[in-house]
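Next comes structure37.cif, with mmCIF, C-alpha atoms.
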```
data_final
#
loop_
_atom_site.label_atom_id
_atom_site.label_comp_id
_atom_site.auth_asym_id
_atom_site.auth_seq_id
_atom_site.Cartn_x
_atom_site.Cartn_y
_atom_site.Cartn_z
CA MET A 17 -30.84 124.71 -2.82
CA LEU A 18 -32.68 121.62 -3.92
CA THR A 19 -36.06 122.16 -5.56
CA THR A 20 -38.85 119.78 -6.48
CA GLY A 21 -38.53 118.01 -9.81
CA LYS A 22 -35.83 116.02 -11.54
CA ALA A 23 -32.62 115.42 -9.67
CA LEU A 24 -29.91 112.81 -9.26
CA LYS A 25 -29.26 110.55 -6.36
CA VAL A 26 -25.66 109.57 -5.83
CA SER A 27 -24.59 106.62 -3.70
CA ILE A 28 -20.98 106.07 -2.87
CA THR A 29 -19.99 102.82 -1.25
CA VAL A 30 -16.64 102.54 0.43
CA SER A 31 -15.35 100.29 3.16
CA GLU A 32 -15.30 101.69 6.63
CA GLY A 33 -11.58 101.42 6.97
CA SER A 34 -10.63 103.02 3.69
CA THR A 35 -8.76 106.25 3.96
CA TYR A 36 -8.25 109.34 1.90
CA HIS A 37 -5.10 111.33 2.65
CA GLY A 38 -4.79 109.66 5.99
CA ALA A 39 -8.31 110.39 7.18
CA SER A 40 -11.31 108.12 7.00
CA ALA A 41 -12.65 108.18 3.42
CA TYR A 42 -16.32 108.48 4.24
CA ALA A 43 -15.71 111.28 6.72
CA SER A 44 -13.57 113.09 4.15
CA ILE A 45 -16.28 112.69 1.54
CA LEU A 46 -18.93 113.94 3.94
CA ASP A 47 -16.82 116.96 4.82
CA PHE A 48 -16.23 117.63 1.16
CA LEU A 49 -19.96 117.49 0.39
CA PHE A 50 -20.71 119.69 3.35
CA TYR A 51 -18.24 122.40 2.38
CA ARG A 52 -19.26 122.27 -1.27
CA GLY A 53 -22.76 123.20 -0.20
CA ILE A 54 -24.56 119.98 -1.05
CA SER A 55 -28.14 120.16 0.24
CA GLY A 56 -27.82 117.13 2.45
CA ALA A 57 -26.08 113.78 2.73
CA THR A 58 -26.57 110.67 4.80
CA VAL A 59 -24.00 108.09 5.80
CA LEU A 60 -25.30 104.58 6.31
CA LYS A 61 -23.38 101.75 7.80
CA GLY A 62 -23.86 98.24 6.47
CA VAL A 63 -23.85 95.27 8.77
CA ALA A 64 -22.36 92.90 6.19
CA GLY A 65 -21.39 92.88 2.57
CA PHE A 66 -18.86 92.04 -0.06
CA GLY A 67 -17.26 94.10 -2.75
CA ALA A 68 -14.90 93.86 -5.67
CA ASP A 69 -12.46 91.74 -3.69
CA HIS A 70 -15.21 89.15 -3.11
CA HIS A 71 -14.50 88.73 0.53
CA LEU A 72 -17.48 88.60 2.79
CA HIS A 73 -17.24 91.09 5.62
CA SER A 74 -19.56 91.09 8.58
CA ALA A 75 -19.79 92.70 11.96
CA SER A 76 -18.84 90.29 14.66
CA SER A 77 -18.97 91.13 18.31
CA VAL A 78 -15.61 89.50 18.93
CA GLU A 79 -13.61 91.26 16.31
CA ILE A 80 -14.08 94.72 15.06
CA SER A 81 -13.98 94.76 11.31
CA ASP A 82 -13.01 97.92 9.52
CA LYS A 83 -14.07 96.43 6.18
CA LEU A 84 -17.80 96.94 6.64
CA PRO A 85 -19.54 98.81 3.85
CA ILE A 86 -20.36 102.45 4.35
CA ARG A 87 -22.74 104.19 1.98
CA ILE A 88 -22.93 107.91 1.52
CA GLU A 89 -26.07 109.10 -0.21
CA PHE A 90 -27.12 112.49 -1.41
CA VAL A 91 -29.54 114.07 -3.82
CA GLU A 92 -28.54 117.06 -5.87
CA ASN A 93 -29.13 118.62 -9.27
CA GLN A 94 -27.11 117.62 -12.33
CA GLU A 95 -25.06 120.81 -12.47
CA LYS A 96 -23.78 120.60 -8.95
CA ILE A 97 -22.96 116.91 -9.29
CA ASN A 98 -20.95 117.51 -12.44
CA GLU A 99 -18.92 120.02 -10.48
CA ILE A 100 -17.90 117.61 -7.77
CA LEU A 101 -17.91 114.21 -9.44
CA GLY A 102 -14.24 114.22 -10.41
CA LYS A 103 -13.12 114.85 -6.88
CA LEU A 104 -15.55 112.27 -5.52
CA GLU A 105 -14.10 109.61 -7.80
CA GLU A 106 -10.68 110.37 -6.44
CA MET A 107 -11.86 110.29 -2.85
CA ALA A 108 -13.85 107.09 -3.18
CA GLY A 109 -10.66 105.24 -4.14
CA THR A 110 -11.54 101.61 -4.75
CA GLY A 111 -15.18 102.21 -3.78
CA LEU A 112 -18.25 102.32 -5.94
CA ILE A 113 -20.12 105.38 -7.13
CA GLU A 114 -23.53 105.02 -8.70
CA MET A 115 -26.05 107.54 -9.81
CA GLN A 116 -29.73 107.31 -10.52
CA GLU A 117 -32.38 109.67 -11.71
CA THR A 118 -34.85 110.61 -9.11
CA THR A 119 -37.68 113.02 -8.57
CA VAL A 120 -37.78 115.31 -5.61
CA VAL A 121 -41.34 115.38 -4.43
CA LYS A 122 -40.78 117.60 -1.49
CA ALA A 123 -37.55 119.39 -0.79
CA ALA A 124 -36.36 119.44 2.78
CA GLN A 125 -36.80 122.81 4.41
CA GLN A 126 -34.14 124.58 6.29
CA SER A 127 -35.47 124.87 9.78
CA LYS A 128 -35.80 128.49 10.71
CA ARG A 129 -35.68 128.83 14.39
CA SER A 130 -36.68 132.13 15.81
CA ARG A 131 -34.20 132.42 18.58
CA PRO A 132 -35.31 134.34 21.64
CA THR A 133 -33.00 137.22 22.31
CA PRO A 134 -30.84 136.24 25.26
CA GLN A 135 -31.11 138.49 28.22
CA HIS A 136 -27.40 139.03 28.45
CA MET A 137 -27.17 140.70 25.08
CA LYS A 138 -26.71 144.14 26.43
CA ILE A 139 -24.00 144.81 28.92
CA GLU A 140 -22.62 148.27 29.05
CA GLY A 141 -20.39 150.18 31.37
CA LYS A 142 -20.13 148.89 34.90
CA ALA A 143 -20.06 145.15 35.27
CA ARG A 144 -18.45 142.58 37.50
CA MET A 145 -15.70 140.11 36.92
CA MET A 146 -15.74 136.84 38.78
CA ARG A 147 -12.60 134.76 39.01
CA ILE A 148 -12.77 131.28 40.46
CA TYR A 149 -9.58 129.49 41.47
CA VAL A 150 -9.69 125.72 41.75
CA GLY A 151 -7.39 122.78 41.11
CA GLU A 152 -7.43 120.89 37.86
CA SER A 153 -7.99 117.60 39.67
CA ASP A 154 -10.94 118.89 41.67
CA ARG A 155 -14.13 117.13 40.71
CA TRP A 156 -17.78 117.80 41.04
CA GLN A 157 -20.02 114.76 40.79
CA ASP A 158 -18.49 112.82 37.91
CA LYS A 159 -16.68 115.54 36.00
CA PRO A 160 -13.82 117.97 36.43
CA LEU A 161 -14.97 120.87 38.56
CA HIS A 162 -13.89 123.54 36.11
CA GLU A 163 -15.88 121.88 33.33
CA ALA A 164 -18.89 121.56 35.58
CA LEU A 165 -18.58 125.24 36.47
CA VAL A 166 -18.45 126.25 32.80
CA GLN A 167 -21.55 124.18 32.10
CA ALA A 168 -23.31 125.62 35.10
CA MET A 169 -22.45 129.14 33.93
CA ARG A 170 -23.76 128.40 30.47
CA ALA A 171 -26.95 127.03 31.91
CA ASN A 172 -27.28 130.18 33.99
CA ASP A 173 -26.78 132.45 31.00
CA ILE A 174 -23.53 133.98 32.23
CA ALA A 175 -22.27 136.08 29.32
CA GLY A 176 -18.98 134.27 28.92
CA VAL A 177 -16.25 132.44 30.72
CA THR A 178 -12.64 131.60 29.95
CA VAL A 179 -10.64 128.90 31.69
CA TYR A 180 -6.94 129.43 32.28
CA ARG A 181 -4.41 126.89 33.42
CA GLY A 182 -1.61 128.22 35.56
CA ILE A 183 1.91 126.90 35.20
CA LEU A 184 2.62 127.22 38.88
CA GLY A 185 0.52 128.17 41.83
CA TYR A 186 -1.19 127.47 45.10
CA GLY A 187 -4.58 128.28 46.48
CA ALA A 188 -6.62 127.78 49.58
CA HIS A 189 -4.89 124.54 50.40
CA ARG A 190 -1.29 125.83 50.10
CA ARG A 191 -0.19 122.94 47.99
CA VAL A 192 2.12 124.06 45.23
CA HIS A 193 1.08 122.82 41.81
CA LYS A 194 3.77 122.70 39.27
CA ASP A 195 3.17 122.09 35.64
CA ARG A 196 6.07 120.31 34.03
CA PRO A 197 6.45 120.15 30.31
CA LEU A 198 5.82 116.71 28.81
CA HIS A 199 4.20 115.69 32.00
CA LEU A 200 0.50 115.33 32.53
CA SER A 201 -0.03 117.43 35.55
CA HIS A 202 -3.44 116.97 37.02
CA GLY A 203 -3.09 119.25 39.97
CA ALA A 204 -2.44 122.44 38.01
CA SER A 205 -4.09 125.64 39.12
CA ILE A 206 -7.15 126.55 37.13
CA MET A 207 -8.69 129.99 36.96
CA LEU A 208 -12.09 130.67 35.47
CA SER A 209 -12.82 134.22 34.58
CA ALA A 210 -16.37 135.35 33.85
CA ILE A 211 -17.81 138.79 33.26
CA ASP A 212 -21.44 139.75 33.65
CA THR A 213 -23.74 142.07 35.52
CA GLU A 214 -23.81 142.20 39.29
CA GLU A 215 -27.25 140.53 39.49
CA LYS A 216 -26.35 137.67 37.18
CA LEU A 217 -23.20 136.83 39.07
CA LYS A 218 -24.90 137.24 42.44
CA ALA A 219 -27.55 134.77 41.35
CA PHE A 220 -24.83 132.34 40.39
CA LEU A 221 -22.87 132.54 43.65
CA PRO A 222 -25.02 130.05 45.61
CA LEU A 223 -24.12 127.47 42.96
CA VAL A 224 -20.45 128.24 43.43
CA ASP A 225 -21.01 127.75 47.15
CA ARG A 226 -22.37 124.31 46.52
CA MET A 227 -19.83 123.23 43.92
CA VAL A 228 -16.53 124.62 45.17
CA GLU A 229 -15.28 122.86 48.25
CA GLU A 230 -11.86 124.38 48.23
CA GLY A 231 -10.76 127.43 46.36
CA LEU A 232 -11.00 131.16 45.98
CA VAL A 233 -13.72 133.23 44.42
CA VAL A 234 -12.80 136.79 43.64
CA LEU A 235 -15.12 139.53 42.49
CA SER A 236 -14.05 142.87 41.11
CA ASP A 237 -15.54 145.83 39.28
CA VAL A 238 -14.83 146.11 35.61
CA GLU A 239 -15.98 148.43 32.92
CA ILE A 240 -17.20 146.97 29.67
CA ILE A 241 -15.73 148.86 26.75
CA LYS A 242 -17.07 146.64 24.03
CA TYR A 243 -19.35 143.67 24.10
CA SER A 244 -20.65 142.36 20.85
CA TRP A 245 -21.45 139.08 19.32
CA ARG A 246 -22.74 137.98 15.99
CA ALA A 247 -26.17 136.58 16.71
CA ALA A 248 -26.42 134.95 13.31
CA GLU A 249 -23.37 132.83 13.93
CA VAL A 250 -24.30 131.51 17.31
CA LYS A 251 -24.80 127.79 17.03
CA THR A 252 -27.52 126.07 18.91
CA GLU A 253 -26.41 122.73 20.16
CA MET B 19 -15.31 126.60 55.63
CA LYS B 20 -16.16 129.86 53.97
CA GLU B 21 -14.68 133.27 54.72
CA GLN B 22 -15.19 136.55 52.95
CA PHE B 23 -13.07 139.66 52.92
CA GLU B 24 -12.24 142.77 50.95
CA GLY B 25 -8.88 142.33 49.33
CA ARG B 26 -6.42 143.31 46.69
CA MET B 27 -5.28 141.52 43.62
CA LEU B 28 -1.83 142.09 42.23
CA ARG B 29 -0.86 141.15 38.74
CA ILE B 30 2.83 141.13 37.99
CA HIS B 31 3.90 140.93 34.37
CA PHE B 32 7.39 140.01 33.19
CA GLY B 33 9.25 137.53 31.01
CA GLU B 34 9.70 133.83 31.60
CA SER B 35 13.48 134.08 31.31
CA ASP B 36 13.76 136.73 34.05
CA ARG B 37 15.62 135.45 37.08
CA TRP B 38 16.10 136.28 40.74
CA GLU B 39 19.01 134.85 42.70
CA GLY B 40 19.52 132.07 40.20
CA LYS B 41 15.90 130.97 40.18
CA PRO B 42 13.26 131.80 37.60
CA LEU B 43 11.61 135.00 38.81
CA HIS B 44 8.12 133.51 38.82
CA GLU B 45 9.24 130.67 41.05
CA ALA B 46 10.98 133.11 43.36
CA ILE B 47 7.87 135.28 43.59
CA LEU B 48 5.67 132.28 44.30
CA ALA B 49 8.05 131.13 47.02
CA LYS B 50 7.96 134.63 48.54
CA CYS B 51 4.16 134.60 48.47
CA GLN B 52 4.12 131.30 50.31
CA GLU B 53 6.67 132.55 52.80
CA LEU B 54 4.43 135.56 53.50
CA ASP B 55 1.40 133.28 53.62
CA MET B 56 -0.54 134.97 50.84
CA ALA B 57 -4.02 133.52 50.29
CA GLY B 58 -3.29 132.45 46.75
CA ALA B 59 -0.92 132.96 43.85
CA ILE B 60 -0.88 131.59 40.36
CA VAL B 61 1.62 131.90 37.53
CA TYR B 62 0.27 132.07 33.98
CA ARG B 63 2.23 131.80 30.79
CA GLY B 64 0.99 133.88 27.89
CA ILE B 65 1.34 132.73 24.32
CA GLU B 66 2.43 136.08 22.96
CA GLY B 67 2.90 139.59 24.22
CA TYR B 68 5.19 142.49 24.77
CA GLY B 69 6.14 144.41 27.82
CA THR B 70 8.07 147.42 29.01
CA SER B 71 11.02 146.74 26.74
CA THR B 72 8.69 146.60 23.72
CA ARG B 73 10.35 143.37 22.73
CA VAL B 74 7.85 140.88 21.42
CA ARG B 75 7.89 137.74 23.46
CA HIS B 76 6.86 134.46 21.93
CA ALA B 77 6.26 131.06 23.43
CA SER B 78 7.71 128.95 20.66
CA PRO B 79 7.31 125.21 20.85
CA TRP B 80 10.40 124.79 18.67
CA LYS B 81 12.79 126.50 20.99
CA LEU B 82 13.70 125.26 24.38
CA SER B 83 14.85 128.63 25.55
CA ARG B 84 11.76 130.69 25.44
CA ASP B 85 10.87 134.06 26.73
CA ALA B 86 7.11 133.89 26.94
CA PRO B 87 5.27 136.59 28.84
CA VAL B 88 4.49 135.49 32.36
CA MET B 89 1.89 136.89 34.72
CA VAL B 90 1.70 136.17 38.42
CA SER B 91 -1.56 136.98 40.14
CA VAL B 92 -1.59 137.30 43.93
CA ILE B 93 -4.65 137.76 46.10
CA ASP B 94 -4.92 138.76 49.73
CA THR B 95 -6.01 141.53 52.07
CA GLU B 96 -4.84 145.09 51.55
CA GLU B 97 -2.35 144.95 54.48
CA ARG B 98 -0.79 141.68 53.48
CA ILE B 99 -0.43 142.72 49.86
CA ALA B 100 1.22 145.92 51.13
CA LYS B 101 3.82 143.72 52.85
CA LEU B 102 4.57 141.92 49.62
CA ILE B 103 5.09 145.00 47.48
CA PRO B 104 8.56 146.03 48.84
CA HIS B 105 9.83 142.53 48.03
CA LEU B 106 8.43 142.74 44.53
CA ASP B 107 10.03 146.16 44.07
CA LEU B 108 13.34 144.50 44.71
CA MET B 109 12.79 141.37 42.67
CA VAL B 110 11.08 142.63 39.51
CA GLY B 111 13.73 144.33 37.43
CA GLU B 112 11.66 144.97 34.39
CA GLY B 113 7.94 144.55 34.38
CA VAL B 114 4.58 145.89 35.35
CA ILE B 115 2.70 145.49 38.61
CA ALA B 116 -1.00 146.29 38.57
CA ALA B 117 -3.28 146.27 41.59
CA SER B 118 -7.04 146.17 41.84
CA ARG B 119 -9.63 146.00 44.58
CA VAL B 120 -11.46 142.69 44.84
CA GLU B 121 -13.99 140.89 47.01
CA VAL B 122 -12.71 137.49 48.02
CA THR B 123 -14.54 134.38 49.15
CA ARG B 124 -12.30 131.61 50.32
CA TYR B 125 -13.41 128.01 50.63
CA THR B 126 -11.34 125.57 52.64
CA ARG B 127 -11.86 121.95 53.56
CA GLU B 128 -11.85 121.60 57.28
CA ALA B 129 -9.42 119.46 59.26
CA LYS B 130 -7.73 118.05 56.23
CA SER B 131 -4.28 118.83 55.09
#
```
Written as structure tokens, that's how I'd like the structure from this file.
Amino acid sequence: MLTTGKALKVSITVSEGSTYHGASAYASILDFLFYRGISGATVLKGVAGFGADHHLHSASSVEISDKLPIRIEFVENQEKINEILGKLEEMAGTGLIEMQETTVVKAAQQSKRSRPTPQHMKIEGKARMMRIYVGESDRWQDKPLHEALVQAMRANDIAGVTVYRGILGYGAHRRVHKDRPLHLSHGASIMLSAIDTEEKLKAFLPLVDRMVEEGLVVLSDVEIIKYSWRAAEVKTE
Amino acid sequence: MKEQFEGRMLRIHFGESDRWEGKPLHEAILAKCQELDMAGAIVYRGIEGYGTSTRVRHASPWKLSRDAPVMVSVIDTEERIAKLIPHLDLMVGEGVIAASRVEVTRYTREAKS
């Protein structure tokens, strides 16, 4: 955790196209910093520049240059930087690493969001399972229907949904879908399975009515044996 | 068009390499479901599992001959499912058939085939 006072600011300049072990160098460096617990890092993209090779690189709208400079900056205390500097040198390859003393006037705060407890946190015993059968090529507005349904369920706080792709099947339209290996089959049968309380699913059904033009919706009783989730690990997007 | 009815859902579990009259069993079952005009049937391939023979089945990408667990789910009314069961009895040599009560809503596009 970064505190106010003396610290070091590290800037690493690499070219956009440079790679480290096959992956983009700046992305690899950023990942490395992230997983080593560095307080924060910023990647900046230059619009033009030249480096050790003394070639001028600039962004042109006609050609996409992968030689543009990318700068990764972060501020950290001496100790932590000493720990990671060796690896950074290796990752930066032909790039430049510079360091300067700096003073942290105000350390960035970790935002603490008090998350409201979702209503679906407690489901016990009797619940309902909803299975929706559609085709993979079915669309709703501008996206695949099954994706739209998942998003709609999320927005409606349905406890969870899993999408399955069948290898063979037919539904309301009696067209057999066959999934061949090494073949992009777009008409495969898709099944979405969601579990929640009766009221929650009932409230969602009118949406299904509107979105599903052709397909089957099947409801059945289920008993929840265990439903738990780690609230601390839920990411807010 | 929207229709609603009380129905049954069958789930038939077996292995992908199981066969019936020279055809893969899941294809044969699907064909039978179509022949009997079942409302819907889908075949799923599991990635791992074991069944009645307690032999672990794997879907290995490295082997062409795989014996992944397969599940066929069939939905229709109680009476129509009852008609399918004797056929399944005959066809499924080794496997599990599970039935449950379900409420079905069926959406169909009108006058379009």
Translate the PyMOL selection byres ((chain A) within 8 of (chain B)) into a concrete residue list for this structure, as an NGL selection string. :A and (180-190 or 205 or 228-237)
Need to verify the contact set: region 167-177 of chain A, 10 Å, all atoms listed in the file, exclusion of same-chain residues closer than 2 positions in sequence. Can you return it as JSON, numbers by chain? {"A": [134, 135, 136, 137, 138, 139, 145, 146, 147, 161, 162, 163, 164, 165, 179, 180, 208, 209, 210, 211, 212, 213, 216, 217, 219, 220, 223, 224, 227, 243]}
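Counting from CA of Phe48 (chain A), the distance to CA of Leu24 (chain A) is 17.9 Å.
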Residue members of the PyMOL selection byres ((chain A and resi 56) around 10) in the file shown, as number ranges by chain: A: 17-18, 46, 49-50, 53-55, 57-58, 89-92, 124
Looking at A:Lys218, A:Asp69, A:Val30, A:Thr19, which one is nearest to Arg144 (chain A), with distances taken over all atoms listed in the file? A:Lys218
Calculated over only C-alpha atoms, which of the candidates A:Lys242, A:Gly33, A:Ile45, A:His70 has the smallest distance to Glu105 (chain A)? A:Ile45
So how far away is CA of Gly111 (chain A) from CA of Leu84 (chain A), in Å? 12.0 Å
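From CA of Val150 (chain A) back to CA of Glu96 (chain B), the distance works out to 22.2 Å.
Neighbouring residues of Gly111 (chain B) at 12 Å or closer, counting all atoms listed in the file and skipping chain neighbours under 6 positions away, are Ile30, His31, Phe32, Gly33, Ser35, Asp36, Arg37, Trp38, Leu43, Thr70, Ser71 and His105 of chain B.
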